[in-house]
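**Q** Next comes query.csv, CSV, C-alpha atoms:
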```csv
chain,number,residue,atom,x,y,z
A,1,MET,CA,-26.9,18.1,-12.9
A,2,ILE,CA,-23.6,16.4,-13.1
A,3,ASN,CA,-21.9,15.6,-9.8
A,4,ARG,CA,-18.4,16.8,-10.6
A,5,PRO,CA,-16.6,15.2,-7.5
A,6,LEU,CA,-18.2,11.9,-8.3
A,7,VAL,CA,-17.1,12.1,-12.0
A,8,LEU,CA,-13.6,13.0,-10.9
A,9,THR,CA,-13.5,10.0,-8.5
A,10,TYR,CA,-14.6,7.6,-11.2
A,11,LEU,CA,-12.1,9.2,-13.6
A,12,TYR,CA,-9.2,8.7,-11.1
A,13,LEU,CA,-10.3,5.1,-10.6
A,14,PHE,CA,-10.4,4.5,-14.3
A,15,ILE,CA,-6.9,6.0,-14.7
A,16,TYR,CA,-5.6,3.8,-11.8
A,17,ILE,CA,-7.0,0.6,-13.4
A,18,LEU,CA,-5.7,1.6,-16.8
A,19,LEU,CA,-2.2,2.5,-15.6
A,20,SER,CA,-2.0,-0.5,-13.2
A,21,SER,CA,-3.0,-2.9,-16.0
A,22,GLY,CA,-0.9,-1.1,-18.5
A,23,VAL,CA,2.3,-1.2,-16.5
A,24,ILE,CA,2.0,-5.0,-15.9
A,25,LEU,CA,1.3,-5.8,-19.5
A,26,TYR,CA,4.0,-3.4,-20.7
A,27,ASN,CA,6.6,-5.0,-18.4
A,28,LYS,CA,5.6,-8.5,-19.6
A,29,TRP,CA,5.9,-7.3,-23.2
A,30,VAL,CA,9.4,-5.8,-22.6
A,31,LEU,CA,10.8,-8.7,-20.7
A,32,SER,CA,9.3,-11.6,-22.7
A,33,PRO,CA,11.7,-13.3,-25.2
A,34,LYS,CA,8.8,-13.7,-27.6
A,35,TYR,CA,8.2,-9.9,-27.9
A,36,PHE,CA,10.6,-7.1,-27.2
A,37,ASN,CA,13.1,-9.6,-25.8
A,38,PHE,CA,14.8,-7.7,-22.9
A,39,PRO,CA,15.1,-10.6,-20.4
A,40,LEU,CA,16.8,-8.5,-17.7
A,41,PRO,CA,14.3,-7.8,-14.9
A,42,ILE,CA,16.8,-6.3,-12.5
A,43,THR,CA,18.0,-3.8,-15.2
A,44,LEU,CA,14.4,-2.8,-16.0
A,45,THR,CA,13.6,-2.3,-12.2
A,46,MET,CA,16.8,-0.2,-11.9
A,47,ILE,CA,15.6,2.0,-14.8
A,48,HIS,CA,12.3,2.5,-13.0
A,49,MET,CA,14.0,3.3,-9.7
A,50,GLY,CA,16.5,5.6,-11.3
A,51,PHE,CA,13.9,7.5,-13.3
A,52,SER,CA,11.5,7.8,-10.3
A,53,GLY,CA,14.3,8.9,-8.0
A,54,ALA,CA,15.4,11.6,-10.4
A,55,VAL,CA,11.9,13.0,-11.0
A,56,ALA,CA,11.3,13.0,-7.2
A,57,PHE,CA,14.6,14.8,-6.6
A,58,PHE,CA,13.6,17.6,-9.1
A,59,LEU,CA,10.1,17.9,-7.6
A,60,VAL,CA,11.4,18.1,-4.0
A,61,ARG,CA,14.7,20.0,-4.4
A,62,VAL,CA,14.4,22.1,-7.6
A,63,PHE,CA,10.7,22.8,-8.1
A,64,LYS,CA,9.9,22.5,-4.4
A,65,VAL,CA,6.4,20.9,-5.1
A,66,VAL,CA,6.6,19.3,-1.7
A,67,SER,CA,9.0,19.8,1.3
A,68,PRO,CA,11.3,16.9,2.4
A,69,VAL,CA,10.5,15.5,5.8
A,70,LYS,CA,12.9,15.8,8.8
A,71,MET,CA,15.1,12.8,8.1
A,72,THR,CA,17.8,11.9,10.5
A,73,PHE,CA,20.5,9.3,9.9
A,74,GLU,CA,19.0,7.1,12.6
A,75,ILE,CA,15.6,7.1,10.9
A,76,TYR,CA,17.2,6.5,7.5
A,77,ALA,CA,19.3,3.6,8.7
A,78,THR,CA,16.6,1.9,10.7
A,79,CYS,CA,13.6,2.6,8.6
A,80,VAL,CA,14.3,3.7,5.0
A,81,ILE,CA,17.1,1.2,4.3
A,82,PRO,CA,15.2,-2.0,5.4
A,83,ILE,CA,12.0,-0.9,3.7
A,84,SER,CA,13.9,-0.1,0.5
A,85,ALA,CA,15.6,-3.5,0.6
A,86,PHE,CA,12.3,-5.4,0.7
A,87,PHE,CA,10.8,-3.0,-1.9
A,88,ALA,CA,13.6,-3.7,-4.3
A,89,SER,CA,13.3,-7.4,-3.7
A,90,SER,CA,9.6,-7.5,-4.3
A,91,LEU,CA,10.0,-5.6,-7.6
A,92,TRP,CA,13.0,-7.8,-8.7
A,93,PHE,CA,11.3,-11.1,-7.9
A,94,GLY,CA,7.9,-9.9,-9.3
A,95,ASN,CA,9.5,-8.8,-12.6
A,96,THR,CA,11.5,-12.0,-12.9
A,97,ALA,CA,8.3,-14.0,-12.7
A,98,TYR,CA,7.2,-12.5,-16.1
A,99,LEU,CA,10.0,-14.5,-17.8
A,100,HIS,CA,8.5,-17.8,-16.6
A,101,ILE,CA,4.8,-17.6,-16.1
A,102,SER,CA,1.8,-15.9,-17.7
A,103,VAL,CA,0.3,-12.5,-16.5
A,104,ALA,CA,-3.0,-14.3,-15.8
A,105,PHE,CA,-1.4,-16.8,-13.5
A,106,ILE,CA,0.6,-14.1,-11.8
A,107,GLN,CA,-2.6,-12.2,-11.0
A,108,MET,CA,-4.1,-15.4,-9.6
A,109,LEU,CA,-1.0,-15.9,-7.4
A,110,LYS,CA,-1.3,-12.3,-6.2
A,111,ALA,CA,-4.5,-13.4,-4.4
A,112,LEU,CA,-2.0,-14.7,-1.8
A,113,MET,CA,-1.1,-11.1,-0.8
A,114,PRO,CA,-3.6,-10.9,2.1
A,115,VAL,CA,-2.3,-14.2,3.4
A,116,ALA,CA,1.3,-13.1,3.3
A,117,THR,CA,0.5,-9.7,4.9
A,118,PHE,CA,-1.5,-11.3,7.7
A,119,LEU,CA,1.3,-13.9,8.4
A,120,MET,CA,4.0,-11.2,8.4
A,121,ALA,CA,1.9,-9.0,10.7
A,122,VAL,CA,1.4,-11.8,13.1
A,123,VAL,CA,5.1,-12.6,13.1
A,124,CYS,CA,6.0,-8.9,13.6
A,125,GLY,CA,3.4,-8.5,16.4
A,126,THR,CA,1.2,-5.9,14.6
A,127,ASP,CA,-1.7,-8.3,14.3
A,128,LYS,CA,-3.2,-11.1,16.3
A,129,LEU,CA,-4.0,-14.6,15.1
A,130,ARG,CA,-7.8,-14.7,14.8
A,131,CYS,CA,-10.0,-17.7,13.9
A,132,ASP,CA,-12.2,-15.8,11.3
A,133,VAL,CA,-9.2,-14.3,9.5
A,134,PHE,CA,-7.3,-17.6,9.6
A,135,LEU,CA,-10.2,-19.4,7.9
A,136,ASN,CA,-10.3,-16.7,5.2
A,137,MET,CA,-6.6,-17.2,4.6
A,138,LEU,CA,-7.1,-20.9,4.4
A,139,LEU,CA,-9.8,-20.4,1.8
A,140,VAL,CA,-7.6,-18.1,-0.3
A,141,SER,CA,-4.7,-20.7,-0.1
A,142,VAL,CA,-6.9,-23.5,-1.2
A,143,GLY,CA,-8.2,-21.5,-4.1
A,144,VAL,CA,-4.6,-20.6,-5.2
A,145,VAL,CA,-3.6,-24.3,-5.0
A,146,ILE,CA,-6.5,-25.3,-7.1
A,147,SER,CA,-5.7,-22.5,-9.6
A,148,SER,CA,-2.1,-23.6,-9.7
A,149,TYR,CA,-3.1,-27.2,-10.3
A,150,GLY,CA,-5.2,-26.1,-13.3
A,151,GLU,CA,-2.3,-24.1,-14.8
A,152,ILE,CA,-1.3,-25.7,-18.1
A,153,HIS,CA,2.1,-24.0,-18.3
A,154,PHE,CA,3.0,-24.4,-14.7
A,155,ASN,CA,6.6,-23.4,-13.9
A,156,VAL,CA,8.1,-24.0,-10.5
A,157,VAL,CA,10.8,-21.3,-10.9
A,158,GLY,CA,8.4,-18.6,-11.9
A,159,THR,CA,5.9,-19.5,-9.2
A,160,VAL,CA,8.7,-19.4,-6.5
A,161,TYR,CA,9.8,-16.0,-7.8
A,162,GLN,CA,6.3,-14.6,-7.7
A,163,VAL,CA,5.4,-16.0,-4.2
A,164,THR,CA,8.8,-14.8,-2.8
A,165,GLY,CA,8.1,-11.3,-4.3
A,166,ILE,CA,4.6,-11.3,-2.6
A,167,PHE,CA,6.1,-12.1,0.8
A,168,ALA,CA,8.8,-9.5,0.3
A,169,GLU,CA,6.1,-6.9,-0.5
A,170,ALA,CA,4.1,-8.0,2.5
A,171,LEU,CA,7.1,-7.6,4.8
A,172,ARG,CA,7.7,-4.2,3.3
A,173,LEU,CA,4.1,-3.1,4.1
A,174,VAL,CA,4.4,-4.4,7.7
A,175,LEU,CA,7.8,-2.8,8.2
A,176,THR,CA,6.4,0.5,6.9
A,177,GLN,CA,3.6,0.3,9.5
A,178,VAL,CA,5.9,-0.7,12.3
A,179,LEU,CA,9.0,1.5,11.6
A,180,LEU,CA,7.7,4.7,10.0
A,181,GLN,CA,4.5,5.0,12.1
A,182,LYS,CA,6.4,4.5,15.3
A,183,LYS,CA,8.7,7.3,14.3
A,184,GLY,CA,5.7,9.5,13.5
A,185,LEU,CA,6.9,9.8,9.9
A,186,THR,CA,4.4,10.1,7.0
A,187,LEU,CA,5.6,10.0,3.4
A,188,ASN,CA,3.5,11.0,0.4
A,189,PRO,CA,4.2,9.3,-3.0
A,190,ILE,CA,6.8,12.0,-4.0
A,191,THR,CA,8.7,11.9,-0.7
A,192,SER,CA,8.5,8.1,-0.7
A,193,LEU,CA,10.2,7.9,-4.1
A,194,TYR,CA,12.6,10.6,-3.1
A,195,TYR,CA,14.0,8.6,-0.2
A,196,ILE,CA,13.2,5.0,-1.2
A,197,ALA,CA,13.9,4.9,-4.9
A,198,PRO,CA,17.6,5.8,-4.8
A,199,CYS,CA,18.2,3.4,-1.9
A,200,SER,CA,16.4,0.6,-3.8
A,201,PHE,CA,18.6,1.4,-6.9
A,202,VAL,CA,21.7,0.8,-4.7
A,203,PHE,CA,20.4,-2.5,-3.4
A,204,LEU,CA,19.6,-3.7,-6.9
A,205,PHE,CA,23.1,-2.8,-8.1
A,206,VAL,CA,24.7,-5.8,-6.4
A,207,PRO,CA,22.5,-8.6,-7.9
A,208,TRP,CA,22.6,-6.7,-11.3
A,209,TYR,CA,26.4,-6.6,-11.2
A,210,LEU,CA,26.6,-10.4,-10.4
A,211,LEU,CA,23.7,-11.7,-12.5
A,212,GLU,CA,22.9,-9.4,-15.4
A,213,LYS,CA,26.0,-7.4,-16.2
A,214,PRO,CA,27.9,-10.4,-17.6
A,215,GLU,CA,24.9,-11.4,-19.7
A,216,MET,CA,24.6,-7.9,-21.1
A,217,GLN,CA,28.3,-8.0,-22.2
A,218,VAL,CA,27.8,-11.4,-24.0
A,219,ALA,CA,24.3,-11.2,-25.4
A,220,GLN,CA,23.0,-8.9,-28.1
A,221,ILE,CA,20.6,-6.8,-26.0
A,222,GLN,CA,18.6,-4.2,-27.9
A,223,PHE,CA,18.0,-0.9,-26.1
A,224,ASN,CA,15.3,1.5,-27.3
A,225,PHE,CA,15.3,4.8,-25.4
A,226,TRP,CA,11.6,5.6,-26.0
A,227,ILE,CA,10.4,2.2,-25.0
A,228,PHE,CA,12.2,2.4,-21.6
A,229,PHE,CA,11.3,6.0,-21.1
A,230,SER,CA,7.6,5.4,-21.7
A,231,ASN,CA,7.7,2.3,-19.5
A,232,ALA,CA,9.3,4.2,-16.6
A,233,LEU,CA,6.9,7.1,-17.1
A,234,CYS,CA,3.9,4.7,-16.8
A,235,ALA,CA,5.3,3.2,-13.6
A,236,LEU,CA,5.8,6.7,-12.1
A,237,ALA,CA,2.3,7.8,-13.2
A,238,LEU,CA,0.9,4.7,-11.5
A,239,ASN,CA,2.4,5.8,-8.1
A,240,PHE,CA,0.7,9.2,-8.5
A,241,SER,CA,-2.6,7.7,-9.6
A,242,ILE,CA,-2.7,5.6,-6.4
A,243,PHE,CA,-2.2,8.7,-4.4
A,244,LEU,CA,-5.1,10.4,-6.2
A,245,VAL,CA,-7.4,7.4,-5.7
A,246,ILE,CA,-6.6,7.1,-2.0
A,247,GLY,CA,-7.3,10.8,-1.5
A,248,ARG,CA,-10.7,10.7,-3.1
A,249,THR,CA,-12.1,7.2,-2.1
A,250,GLY,CA,-12.4,4.9,0.8
A,251,ALA,CA,-10.8,1.5,1.6
A,252,VAL,CA,-13.8,-0.4,0.2
A,253,THR,CA,-13.7,1.4,-3.2
A,254,ILE,CA,-10.0,0.8,-3.6
A,255,ARG,CA,-10.3,-2.9,-2.8
A,256,VAL,CA,-13.2,-3.3,-5.2
A,257,ALA,CA,-11.3,-1.4,-7.9
A,258,GLY,CA,-8.3,-3.8,-7.3
A,259,VAL,CA,-10.5,-6.9,-7.8
A,260,LEU,CA,-12.0,-5.4,-11.0
A,261,LYS,CA,-8.5,-4.6,-12.2
A,262,ASP,CA,-7.4,-8.2,-11.7
A,263,TRP,CA,-10.3,-9.6,-13.7
A,264,ILE,CA,-9.7,-7.1,-16.5
A,265,LEU,CA,-6.0,-7.9,-16.5
A,266,ILE,CA,-6.6,-11.6,-16.7
A,267,ALA,CA,-9.0,-11.1,-19.7
A,268,LEU,CA,-6.7,-8.7,-21.5
A,269,SER,CA,-3.6,-10.8,-21.0
A,270,THR,CA,-5.2,-13.7,-22.9
A,271,VAL,CA,-6.0,-11.4,-25.8
A,272,ILE,CA,-2.6,-9.6,-26.0
A,273,PHE,CA,-0.5,-12.7,-25.2
A,274,PRO,CA,-2.2,-15.7,-27.0
A,275,GLU,CA,0.2,-18.2,-25.3
A,276,SER,CA,-1.6,-17.4,-22.0
A,277,THR,CA,-4.4,-20.0,-21.8
A,278,ILE,CA,-6.9,-20.1,-18.9
A,279,THR,CA,-8.5,-23.4,-17.9
A,280,GLY,CA,-11.8,-23.9,-16.1
A,281,LEU,CA,-9.8,-25.1,-13.0
A,282,ASN,CA,-7.9,-21.8,-13.1
A,283,ILE,CA,-11.2,-19.8,-13.0
A,284,ILE,CA,-12.7,-22.0,-10.2
A,285,GLY,CA,-9.6,-21.8,-8.0
A,286,TYR,CA,-9.2,-18.0,-8.5
A,287,ALA,CA,-13.0,-17.5,-7.8
A,288,ILE,CA,-12.5,-19.4,-4.5
A,289,ALA,CA,-9.4,-17.4,-3.6
A,290,LEU,CA,-11.3,-14.2,-4.5
A,291,CYS,CA,-14.1,-15.1,-2.2
A,292,GLY,CA,-11.6,-15.4,0.6
A,293,VAL,CA,-10.0,-12.1,-0.3
A,294,LEU,CA,-13.4,-10.3,-0.4
A,295,MET,CA,-14.3,-11.8,3.0
A,296,TYR,CA,-10.9,-10.7,4.4
A,297,ASN,CA,-11.4,-7.2,3.1
A,298,TYR,CA,-14.9,-7.1,4.6
A,299,ILE,CA,-13.5,-8.1,8.0
A,300,LYS,CA,-10.7,-5.5,7.9
A,301,VAL,CA,-13.1,-2.7,6.9
A,302,LYS,CA,-15.6,-3.7,9.6
A,303,ASP,CA,-12.8,-3.7,12.2
A,304,VAL,CA,-11.7,-0.2,11.1
A,305,ARG,CA,-15.3,1.1,11.2
A,306,ALA,CA,-15.9,-0.5,14.6
A,307,SER,CA,-12.7,1.2,16.0
A,308,GLN,CA,-13.9,4.5,14.5
A,309,LEU,CA,-17.3,4.2,16.0
A,310,SER,CA,-15.9,3.2,19.4
A,311,SER,CA,-13.5,6.2,19.3
A,312,GLU,CA,-16.4,8.5,18.4
A,313,SER,CA,-18.5,7.1,21.2
A,314,ILE,CA,-15.8,7.8,23.7
A,315,THR,CA,-15.5,11.3,22.4
A,316,ASP,CA,-19.3,11.8,22.5
A,317,ARG,CA,-19.5,10.4,26.1
A,318,ILE,CA,-16.8,12.9,27.2
A,319,ALA,CA,-18.6,15.8,25.5
A,320,LYS,CA,-21.9,14.8,27.1
A,321,ASP,CA,-20.3,14.4,30.6
A,322,TRP,CA,-18.6,17.8,30.2
A,323,LYS,CA,-21.9,19.5,29.2
A,324,LEU,CA,-23.7,17.8,32.1
A,325,GLU,CA,-21.0,18.9,34.5
A,326,LYS,CA,-21.0,22.4,33.1
A,327,LYS,CA,-24.8,22.6,33.5
A,328,SER,CA,-24.6,21.4,37.1
A,329,THR,CA,-21.7,23.8,37.8
A,330,ASP,CA,-23.8,26.7,36.4
A,331,ILE,CA,-26.7,25.7,38.7
A,332,PHE,CA,-24.4,25.5,41.6
A,333,THR,CA,-22.9,28.9,40.8
A,334,SER,CA,-26.4,30.4,40.5
A,335,ASN,CA,-27.5,28.9,43.8
A,336,SER,CA,-24.3,30.1,45.5
A,337,ASN,CA,-24.7,33.6,44.2
A,338,ASP,CA,-28.3,33.6,45.4
A,339,GLY,CA,-27.4,32.2,48.8
A,340,ASN,CA,-24.4,34.4,49.4
A,341,GLY,CA,-25.8,37.6,48.1
A,342,GLY,CA,-23.3,37.9,45.3
A,343,ASN,CA,-20.3,37.2,47.5
A,344,GLY,CA,-17.2,36.7,45.5
A,345,SER,CA,-15.8,34.0,47.7
A,346,SER,CA,-18.2,31.4,46.3
A,347,ASP,CA,-17.4,32.4,42.8
A,348,ILE,CA,-13.7,32.0,43.5
A,349,ASN,CA,-14.3,28.5,44.9
A,350,VAL,CA,-16.4,27.6,41.8
A,351,ASP,CA,-13.9,29.1,39.4
A,352,GLU,CA,-11.0,27.2,41.1
A,353,GLU,CA,-12.9,23.9,41.1
A,354,ALA,CA,-14.3,23.9,37.5
A,355,PRO,CA,-11.0,24.0,35.7
A,356,LEU,CA,-9.8,21.1,37.9
A,357,LEU,CA,-12.8,19.0,37.0
A,358,SER,CA,-12.4,20.0,33.3
A,359,SER,CA,-8.7,19.0,33.3
A,360,ARG,CA,-9.4,15.7,35.0
A,361,LEU,CA,-12.2,14.9,32.5
A,362,SER,CA,-10.1,15.8,29.5
A,363,HIS,CA,-7.2,13.7,31.0
A,364,VAL,CA,-9.5,10.7,31.4
A,365,GLY,CA,-10.8,11.2,27.9
A,366,ARG,CA,-7.3,11.3,26.4
A,367,MET,CA,-6.4,8.1,28.3
A,368,GLN,CA,-9.5,6.3,27.1
A,369,VAL,CA,-8.9,7.4,23.5
A,370,GLY,CA,-5.2,6.6,23.8
A,371,ASN,CA,-5.9,3.1,25.3
A,372,HIS,CA,-8.4,2.5,22.5
A,373,ASN,CA,-6.0,3.5,19.8
A,374,GLN,CA,-3.4,1.2,21.3
```
Using structure tokens, write down the structure that the file contains.
**A**
Amino acid sequence: MINRPLVLTYLYLFIYILLSSGVILYNKWVLSPKYFNFPLPITLTMIHMGFSGAVAFFLVRVFKVVSPVKMTFEIYATCVIPISAFFASSLWFGNTAYLHISVAFIQMLKALMPVATFLMAVVCGTDKLRCDVFLNMLLVSVGVVISSYGEIHFNVVGTVYQVTGIFAEALRLVLTQVLLQKKGLTLNPITSLYYIAPCSFVFLFVPWYLLEKPEMQVAQIQFNFWIFFSNALCALALNFSIFLVIGRTGAVTIRVAGVLKDWILIALSTVIFPESTITGLNIIGYAIALCGVLMYNYIKVKDVRASQLSSESITDRIAKDWKLEKKSTDIFTSNSNDGNGGNGSSDINVDEEAPLLSSRLSHVGRMQVGNHNQ
């Protein structure tokens, strides 16, 4: 008999890998001067943001698929605006890198993402500097350096753009955790696009006006509506596919799918873009970096599971103590009734004391769980 939930899970993973790889290859094809020749990464990113924001607006305000969250000006100014700024920066720098370096090398550089996230988390105080994680980050960095050394068409400008985009994305992730979670605000993919996409569009307008608008007036830039519409639609679909995958799988599965996607993308890029050549040193360096990434993922998943087990053990201990206390209270009540001949005074004493014990126990439990979560 076919396990339908399992089939759906693998289907969602396949769609995620397909869309993620497709969007990256599509962006490279659109931006590359050798192919569609639209060398305006900020404009392309603004098209994505404008389209995503418009679709999110219709889904939230017109069709009411989801309800908007309670957004105050203070939350918008202190949370949404800085997150949108770094989100726009990461997309801008990442798309600009396609003009200078190959897709395969970009994927190898993206192995630095855990390093950047860890460093930003330490700087922002959301994570502590640990020896085991630091050694993993060192291994990843060494692997990326070896891979870069083996890159035939190494370009400093493209590498700087990509690495800057990685650190901007890492800072966005950390800020999302610090700012939104502290406010108790949770956003799904639709509401995220609803609030963040328009703000990111506004941030991108300034560099677009200064850098790309003059170029568009001078150069003969071709514009094909269906190309850009399908490109923006794929980018939007990728956001929704990530939401589906996260809802049906665990952290380990997502990370493994991400690694598989990177290898598939590296292989596909060499076929679709023949100018992308991979050397043996590229593969060796990326394999070393990948080992560090996998070890880092293992440590993080282990930490999460340990915290969950510890939290569960605290809850179990509280439950067991409560049952033991209830049992002893029942015995005491029984003995009191027997000794007092059914006198109500003892019952009153017991009834008054038991809620106090229960409330104290639940208070201790909440404090333990709260301390653990902190």
**Q** Within 6 Å of stretch 31-45 of chain A, counting all atoms listed in the file, which residues qualify if same-chain residues fewer than 6 places away don't, as a PDB file with C-alpha atoms, in the frame of the given file?
**A**
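The resulting result17.pdb:
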```pdb
ATOM      1  CA  TRP A  92      13.000  -7.800  -8.700  1.00  0.00           C
ATOM      2  CA  ASN A  95       9.500  -8.800 -12.600  1.00  0.00           C
ATOM      3  CA  THR A  96      11.500 -12.000 -12.900  1.00  0.00           C
ATOM      4  CA  LEU A  99      10.000 -14.500 -17.800  1.00  0.00           C
ATOM      5  CA  TRP A 208      22.600  -6.700 -11.300  1.00  0.00           C
TER       6      TRP A 208
END
```
**Q** At a cut-off of 6 Å, can you tabulate as JSON lines every residue of stretch 145-243 of chain A near stretch 266-285 of chain A together with its closest atom pair and the distance in Å to one decimal, using only C-alpha atoms and ordering rows by chain then number?
**A**
```
{"residue": "A:Ile146", "atom": "CA", "partner": "A:Gly285", "partner_atom": "CA", "distance": 4.8}
{"residue": "A:Ser147", "atom": "CA", "partner": "A:Asn282", "partner_atom": "CA", "distance": 4.2}
{"residue": "A:Gly150", "atom": "CA", "partner": "A:Leu281", "partner_atom": "CA", "distance": 4.7}
```
**Q** Would you kindly return, as number ranges by chain, each protein, DNA or RNA residue with an atom no farther than 7 Å from any atom of A:Ser84, considering all atoms listed in the file and excluding same-chain residues fewer than 5 positions away?
**A** A: 196, 199-200
**Q** Select all residues near (-2.8, 9.9, -7.7) (cut-off 12 Å, inclusive, file coordinates), counting all atoms listed in the file, and output them as a ChimeraX atom specification.
**A** /A:8-9,11-17,19-20,188-190,236-249
**Q** Write the residues you've just listed into a file as an mmCIF file, in the coordinates of the input, and include C-alpha atoms for each of them.
**A**
```cif
data_model
loop_
_atom_site.group_PDB
_atom_site.id
_atom_site.type_symbol
_atom_site.label_atom_id
_atom_site.label_comp_id
_atom_site.auth_asym_id
_atom_site.auth_seq_id
_atom_site.Cartn_x
_atom_site.Cartn_y
_atom_site.Cartn_z
ATOM 1 C CA LEU A 8 -13.600 13.000 -10.900
ATOM 2 C CA THR A 9 -13.500 10.000 -8.500
ATOM 3 C CA LEU A 11 -12.100 9.200 -13.600
ATOM 4 C CA TYR A 12 -9.200 8.700 -11.100
ATOM 5 C CA LEU A 13 -10.300 5.100 -10.600
ATOM 6 C CA PHE A 14 -10.400 4.500 -14.300
ATOM 7 C CA ILE A 15 -6.900 6.000 -14.700
ATOM 8 C CA TYR A 16 -5.600 3.800 -11.800
ATOM 9 C CA ILE A 17 -7.000 0.600 -13.400
ATOM 10 C CA LEU A 19 -2.200 2.500 -15.600
ATOM 11 C CA SER A 20 -2.000 -0.500 -13.200
ATOM 12 C CA ASN A 188 3.500 11.000 0.400
ATOM 13 C CA PRO A 189 4.200 9.300 -3.000
ATOM 14 C CA ILE A 190 6.800 12.000 -4.000
ATOM 15 C CA LEU A 236 5.800 6.700 -12.100
ATOM 16 C CA ALA A 237 2.300 7.800 -13.200
ATOM 17 C CA LEU A 238 0.900 4.700 -11.500
ATOM 18 C CA ASN A 239 2.400 5.800 -8.100
ATOM 19 C CA PHE A 240 0.700 9.200 -8.500
ATOM 20 C CA SER A 241 -2.600 7.700 -9.600
ATOM 21 C CA ILE A 242 -2.700 5.600 -6.400
ATOM 22 C CA PHE A 243 -2.200 8.700 -4.400
ATOM 23 C CA LEU A 244 -5.100 10.400 -6.200
ATOM 24 C CA VAL A 245 -7.400 7.400 -5.700
ATOM 25 C CA ILE A 246 -6.600 7.100 -2.000
ATOM 26 C CA GLY A 247 -7.300 10.800 -1.500
ATOM 27 C CA ARG A 248 -10.700 10.700 -3.100
ATOM 28 C CA THR A 249 -12.100 7.200 -2.100
#
```
**Q** Write out as a Markdown table the residues of stretch 60-117 of chain A that have any atom within 10 Å of an atom of stretch 123-134 of chain A, one row each with the nearest atom pair and its distance in Å to one decimal, counting all atoms listed in the file, sorted by chain and then rising number.
**A**
```
| residue | atom | partner | partner_atom | distance |
| --- | --- | --- | --- | --- |
| A:Pro114 | CA | A:Val133 | CA | 9.9 |
| A:Val115 | CA | A:Phe134 | CA | 8.7 |
| A:Thr117 | CA | A:Asp127 | CA | 9.8 |
```
**Q** Using only C-alpha atoms, determine which residues lie at most 10 Å from A:Met71, disregarding the query and same-chain residues fewer than 4 positions distant; provide the list as a ChimeraX atom specification.
**A** /A:75-76,80,185,195
**Q** Could you work out how far atom CA of A:Asn27 lies from atom CA of A:Phe223, giving the answer in Å with one decimal?
**A**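 About the pair atom CA of A:Phe223 and atom CA of A:Asn27: they are 14.4 Å apart.
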**Q** Find the residue from A:Ala170, A:Ala88, A:Ala111, A:Ile2 that sits nearest to A:Ser141; use only C-alpha atoms when measuring.
**A**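 Between A:Ala170, A:Ala88, A:Ala111, A:Ile2, the residue approaching A:Ser141 most closely is A:Ala111.
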**Q** Report, in Å to a single decimal, how far apart atom CA of A:Ala235 and atom CA of A:Val23 are.
**A**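 Atom-to-atom, atom CA of A:Val23 and atom CA of A:Ala235 are spaced 6.1 Å apart.
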**Q** For the structure just given, write the atoms of stretch 252-285 of chain A, namely C-alpha atoms, as an mmCIF file, in the first residue's frame.
**A**
```
data_model
loop_
_atom_site.group_PDB
_atom_site.id
_atom_site.type_symbol
_atom_site.label_atom_id
_atom_site.label_comp_id
_atom_site.auth_asym_id
_atom_site.auth_seq_id
_atom_site.Cartn_x
_atom_site.Cartn_y
_atom_site.Cartn_z
ATOM 1 C CA VAL A 252 17.644 17.287 8.964
ATOM 2 C CA THR A 253 15.624 16.534 5.819
ATOM 3 C CA ILE A 254 15.688 20.165 4.711
ATOM 4 C CA ARG A 255 19.436 20.396 5.199
ATOM 5 C CA VAL A 256 20.063 17.156 3.301
ATOM 6 C CA ALA A 257 17.784 18.381 0.494
ATOM 7 C CA GLY A 258 19.764 21.623 0.375
ATOM 8 C CA VAL A 259 23.065 19.745 0.008
ATOM 9 C CA LEU A 260 21.570 17.527 -2.713
ATOM 10 C CA LYS A 261 20.261 20.619 -4.504
ATOM 11 C CA ASP A 262 23.725 22.219 -4.478
ATOM 12 C CA TRP A 263 25.343 19.172 -6.091
ATOM 13 C CA ILE A 264 22.586 18.935 -8.721
ATOM 14 C CA LEU A 265 22.925 22.650 -9.441
ATOM 15 C CA ILE A 266 26.693 22.446 -9.844
ATOM 16 C CA ALA A 267 26.312 19.546 -12.288
ATOM 17 C CA LEU A 268 23.460 21.179 -14.238
ATOM 18 C CA SER A 269 25.233 24.538 -14.522
ATOM 19 C CA THR A 270 28.198 22.958 -16.301
ATOM 20 C CA VAL A 271 25.811 21.425 -18.853
ATOM 21 C CA ILE A 272 23.608 24.501 -19.422
ATOM 22 C CA PHE A 273 26.471 27.015 -19.303
ATOM 23 C CA PRO A 274 29.487 25.390 -21.034
ATOM 24 C CA GLU A 275 31.782 28.240 -20.017
ATOM 25 C CA SER A 276 31.434 27.027 -16.409
ATOM 26 C CA THR A 277 34.341 24.655 -15.910
ATOM 27 C CA ILE A 278 34.977 22.716 -12.701
ATOM 28 C CA THR A 279 38.477 21.659 -11.703
ATOM 29 C CA GLY A 280 39.559 18.865 -9.396
ATOM 30 C CA LEU A 281 40.660 21.439 -6.828
ATOM 31 C CA ASN A 282 37.154 22.956 -6.954
ATOM 32 C CA ILE A 283 35.615 19.594 -6.086
ATOM 33 C CA ILE A 284 38.158 18.815 -3.341
ATOM 34 C CA GLY A 285 37.703 22.239 -1.719
#
```
